[in-house]
Amino acid sequence: MNVNQQTHMTSPYGQPQTGFQGYPQPGYGGPHVQGNPASQYGPYNGQLSGYQPVAPPTGPLRGPPTSGTLSSPIAPSSGSQIIYNHYGQGDAQNGPATTAGYMQRPPVSQPYMSTTSQPVNQLPAHQQYGPPATTSSQQLTNQMSGLQITGPPTTTGPLPPGQGFGPPASHPSSSGNFHATTMAYAPYSTANVPQSQFSTANASHPPYSNANASHIPHSNLSQGPPPSGMPQTPAATMGSQGISSTKTAFSGPPPQLYSVPPSGSHSTPPASTGIPPSAFPSSVGSQRPSVMQGPPLPGQTLSGPQVSQPNHVPPSSSQMGISGMSPGPPISGLQGPPAVAPTQQGFPPQQNGSFGQVRGPQPNYSGPYPATPNYGSPVAPPPAPPPQKRLDPDSIPSPQLNEMSSQPKSRHRIDPDAIPSPIQVIEDDRANRSTEPFSTGVRGQVPPLVTTNFVVKDQGNASPRFMRCTAYNMPCTSDMAKQSQVPLAAVIKPLAVLPPEEMPPYILDHGESGPVRCNRCKAYMCPFMQFIEGGRRFQCSFCCCVTEVPPHYFQHLDHTGKRVDYYERPELSMGSYEFLATVDYCKNNKLPEPPAFIFMIDVSYNAVKSGLVNLLCEELKTLLDYLPREGSMEETAIRVGFVTYNKVLHFYNVKSTLAQPQMMVVSDVADMFVPLLDGFLVNVNESRTVINSLLEQIPEMFADTRETETVFGPVIQAGMEALKAAECAGKLFIFHSSLPIAEAPGKLKNRDDRKLINTDKEKTLFQPQCNFYSNLAKECVTQGCCVDLFLFPNQYIDVATLGYIPYHTGGSVYKYTYFQVPADGERFLNDLRRDVQKIVGFDSVMRVRTSTGFRATDFFGTFYMSNTTDVELAGLDCDKTITVEFKHDDKLSEDTGAFIQCALLYTSCSGQRRLRIHNLSLNCCTQLADLYRNCETDTLINFLAKFAFRGVLNNATKTVRDTLISQCAQILACYRKNCASPSSAGQLILPECMKLLPVYLNCLLKSDVLQPGADTTTDDRAYLRQLVTSMDVAETNVFFYPRLVPVHKMDVDSDTVPGAIRDSEERLSKGGMYLLENGLNLFLWIGVNVQQSLLQSIFNLPSFNQIDPNMSALPLLDNPWSKKLRDVIDAFRAQRPRYMKLLIIKQEDKLELLFKHFLVEDKHVNGGASYVDFLCHMHKEIRQLLS
């Protein structure tokens, strides 16, 4: 929907405005939404206090955070059965009991491994982090094997001394200068190999619960019998495909069981809980338990906790991740019989963060993989356990494997199903948060994930479609922020298009006086301002200054201190709205002219020969009817002009009074000028016949051209001069095909040199060749001249230099390498149509204001900055984001919270000067646990990607990669040290809302910008670097972790799309067909054994061998399968700002290597680590920080 299509807000103050009714009035934002399903992931802990600008909030308040205190641990002993407490693990009860109106979070602390009932009656000795002095590593590993947490503990208090680590000696800033770190990816050494039990945890909880931690049992450093004084309790007995466990009574939802074969060099049971093989009695394979259908009723026992099925045979020991080493043959049958676990003295273990209810195989996991024996099928009884082996440090690969070599050693792999799954997190968030509208009336609410479809109700804070934050609970002090290393940032998309069911921001006209603002900091009137003295003055929530209310704006207050016209004024009750700007907000105090579009077409030999010129001219005849216009306007106000060029420039007079267009040639490109003013920029409808005549003549005029050289700098200069002469802002659409080597300003040379990759000079490949373009970019921004560049190269074209001006003017770059009309024409035309029609704000300036205590310090995106506060954009479209990083300059207060206001001043496509305002309020915390409980990983990765991609301009890519790993290790180590319950140092404990940080970070590290493959061109890297810099959170999410959908599982009678599966080759079935999208490309992968009927339905071909991998579109067949697949592809394309070209990938075809590049959980040929290996590496880094 066009943001500008709403009714003009002209009603006098005090009068209700149409279309603005229906917001509940009894409190700020109305009552809390009823009936929201319990959120598995608990995006925020319990209820949050409703924010009110004037009166204190009604309803239950959240008590002061007590996350710093942990429940006193209770050690296991014999006898009693453990009952889950009333609140569930991890469900801390802050302040008074919650009321039914608020969403209740279900228990989310659930163990990874099989749970057995453990008795409790004995307090432990204090257990320190790090390798224990006297306890065997077997005990440490086994302590996780099924302990549970009792109800409210008898004692609470701060963590005893000695349980935790001192702060790291130094914390590098979360952004700022890169520093070369010494942490190369060396192989593990025996001293620091994690005898890890990976776990995900929610932030440390107040007295009623242990933190939500998830444990993934890992390998033991050494094996040995349990200490003689420890009682033995029966543990799960394991078959080869599932486990059956001692039954445990529950009074809440069942715990999730995640278990994982350890990755040590000794063989252990595939679904083990870290128990050494020596302790296992022999057993034959037990049956796989049935899948649990929901939580048991109170008092009901849960039988046979379901392990996430490995559904694969672990590859043998052959050094899984070292480049040049191929995995060994699959072992048929899983090794190691079930065991009896010894109990463990000490603290009860961290239990896992919510990984969903007890579930069977990974969601949407495909059927048996034909290439692997026993894939998901019954397995013979396991063989006897092999002799014990010591863990060899060389046997565990570290990420950048191309930097080292080692002898292959025996190693057992971790079950990928037992580590945090992006698909599971996405599915759970969809299930829990897509049914009810997301109301923005509560301060500091973490919104649903970008992958969840939800409706937003603006009740005082900006929609997450406009603004998302890395953390919704800001640390109160800079010391806390430095300690956590969590970047505090907002990704802002000021002109985002809202779905049809949501109202676009209202446009308000406050007359000649303009919008009401704070006298001191100039913040605009918003819901956070507090009216005092009966409404005669207001106090600014950003700088605390008190300002007189202008007489025309005065209104009385009600008994709660709110203005009586509160719900009639969007600026008082909504998070996003627009003001019409007065002449004071315009250049030279003069209202702007409507903007202009200039189409500048390369007519050199390459462009003509490829069919581009002909295709483009034909398309423009119809496309000019769809130029953007305001909702009520019958025709567009935008004027258009045309230029063609090769070594010289041709301007066209298309004045409506002419019978034929006139061409004027400017050959002096060194001193560019515009040879005509009248007749160059025209109204499309008035000059329609002349324009059509021109578009028919251009391909004919240059059909026989032999000119191969082109210019580029003078083309932009000409367009800018034309806009300057017309005294308007606008956009240049440049269609360019080759490196500009003709003699002219901005001439470039071919500097492509792949030998620079992984050297200190690699950064020069991302920088512009010369200063000409940086100076020209400044002039373009000053004039409001935005540049969109369409490139059609057949060889190196220097995107880093040519893309510099689009990058700094708020424009876009589109690239079509080896352009051919049959293969790429559809993609180009769709991109062009969308680019011409989308909403753009011209001649824009954006400023971000914050409340006292923190400020915006750094900005990322496609813009220009001439000072430290104003983001200047010649054009800002609805797809572009600006990312802002915040730093403390004082202390923040938990009571008042933190406020952000983004104000964008721009010219609309009708020439109207407007101000768009977005407001957001965040909570503040004194406990690190509250920070870690309210982070958003997708936004965090978006920020880290932009931070890293800017870093490569001035640093070696290896330095950038090491900095990212170091920072994320510090984030997770700080959580482990300060928030997680005491547990073995061999466990990897991840915060609940950051459990996907390692997998997403690994995807970022393996991206073509930071770690290019042999076939990645310099231009591709520069293109992707610029592209990601302005992506929103939804785009980076699918770009770094692509969506992979099993097409063969589609229900042709349903509107739904099959659930996605994880990005790994072992998830693919030879008999299946899969669709993968990453926002830029679509791949349809076809297995060699796919059913003939499916091939017939989709391709109208009887066999796999007859499929043409060069086809760029599916045939239009009249059957349900064909229609459904084409609908799914259309739906995927509609969700993305760029048209995704479809590539057909046949299994075992040469193109399959390209497809495998996007299976990001696997090891990459260019040296990127697999997800499992990287998780091990992150664990090692965290342990080094903690020790």
# chains A, B, ... in the order shown; residues from 1 in each chain; ligands from 1
>>> closest_atom_pairs(of="segment 801-868 of chain A", to="segment 1118-1138 of chain A", cutoff="10 Å", atoms="only C-alpha atoms", output="tab-separated table")
residue	atom	partner	partner_atom	distance
A:Tyr814	CA	A:Arg1138	CA	8.9
A:Arg827	CA	A:Arg1138	CA	8.5
A:Phe828	CA	A:Arg1138	CA	9.5
A:Asn830	CA	A:Arg1138	CA	8.1
A:Asp831	CA	A:Arg1138	CA	6.0
A:Leu832	CA	A:Arg1138	CA	9.5
A:Arg834	CA	A:Pro1137	CA	8.0
A:Asp835	CA	A:Pro1137	CA	9.0
A:Lys838	CA	A:Pro1137	CA	9.9
>>> closest_residue(among="A:Leu508, A:Leu1005, A:Val1038, A:Met1050", to="Arg961 of chain A", atoms="only C-alpha atoms")
A:Leu1005
>>> residues_around(residues="Met865 of chain A", least_positions_apart="4", cutoff="10 Å", atoms="only C-alpha atoms", output="list in words")
Lys778, Val781, His808, Val845, Phe859, Thr869, Asp870, Val871, Glu872 and Leu873 of chain A
>>> select_by_dssp(residues="segment 1130-1165 of chain A", states="alpha helix (DSSP H)", output="MDAnalysis selection string")
chainID A and resid 1130:1135 1152:1156
>>> closest_residue(among="A:Leu789, A:Ala471, A:Ala1034, A:Leu765", to="Leu449 of chain A", atoms="only C-alpha atoms")
A:Ala1034
>>> residues_around(residues="Ala800 of chain A", least_positions_apart="5", cutoff="8 Å", atoms="only C-alpha atoms", output="ChimeraX atom specification")
/A:765-768,1019,1022-1023
>>> atom_distance(atom1="atom CA of Trp1085 of chain A", atom2="atom CA of Glu1065 of chain A")
11.2 Å
>>> select_by_dssp(residues="segment 709-846 of chain A", states="strand (DSSP E or B)", output="NGL selection string")
:A and (730-736 or 785-791 or 813-815 or 840-846)
>>> residues_around(residues="segment 522-526 of chain A", least_positions_apart="4", cutoff="8 Å", atoms="only C-alpha atoms", output="PyMOL selection string")
chain A and resi 515-518+540+542+571-575+849+901+917+919
>>> atom_distance(atom1="atom CA of Asn614 of chain A", atom2="atom CA of Phe819 of chain A")
13.2 Å
>>> closest_residue(among="A:Phe854, A:Tyr1171, A:Tyr773, A:Tyr645", to="Leu1004 of chain A", atoms="only C-alpha atoms")
A:Tyr1171
>>> residues_around(residues="segment 679-683 of chain A", least_positions_apart="5", cutoff="9 Å", atoms="only C-alpha atoms", output="NGL selection string")
:A and (596-598 or 636-642 or 651-656 or 688 or 722-723 or 726)
>>> closest_residue(among="A:Lys977, A:Arg443, A:Lys761, A:Lys946", to="Ser1187 of chain A", atoms="only C-alpha atoms")
A:Lys977
>>> closest_residue(among="A:Asp1108, A:Glu619, A:Glu762, A:Asp843", to="Asn955 of chain A", atoms="only C-alpha atoms")
A:Glu762
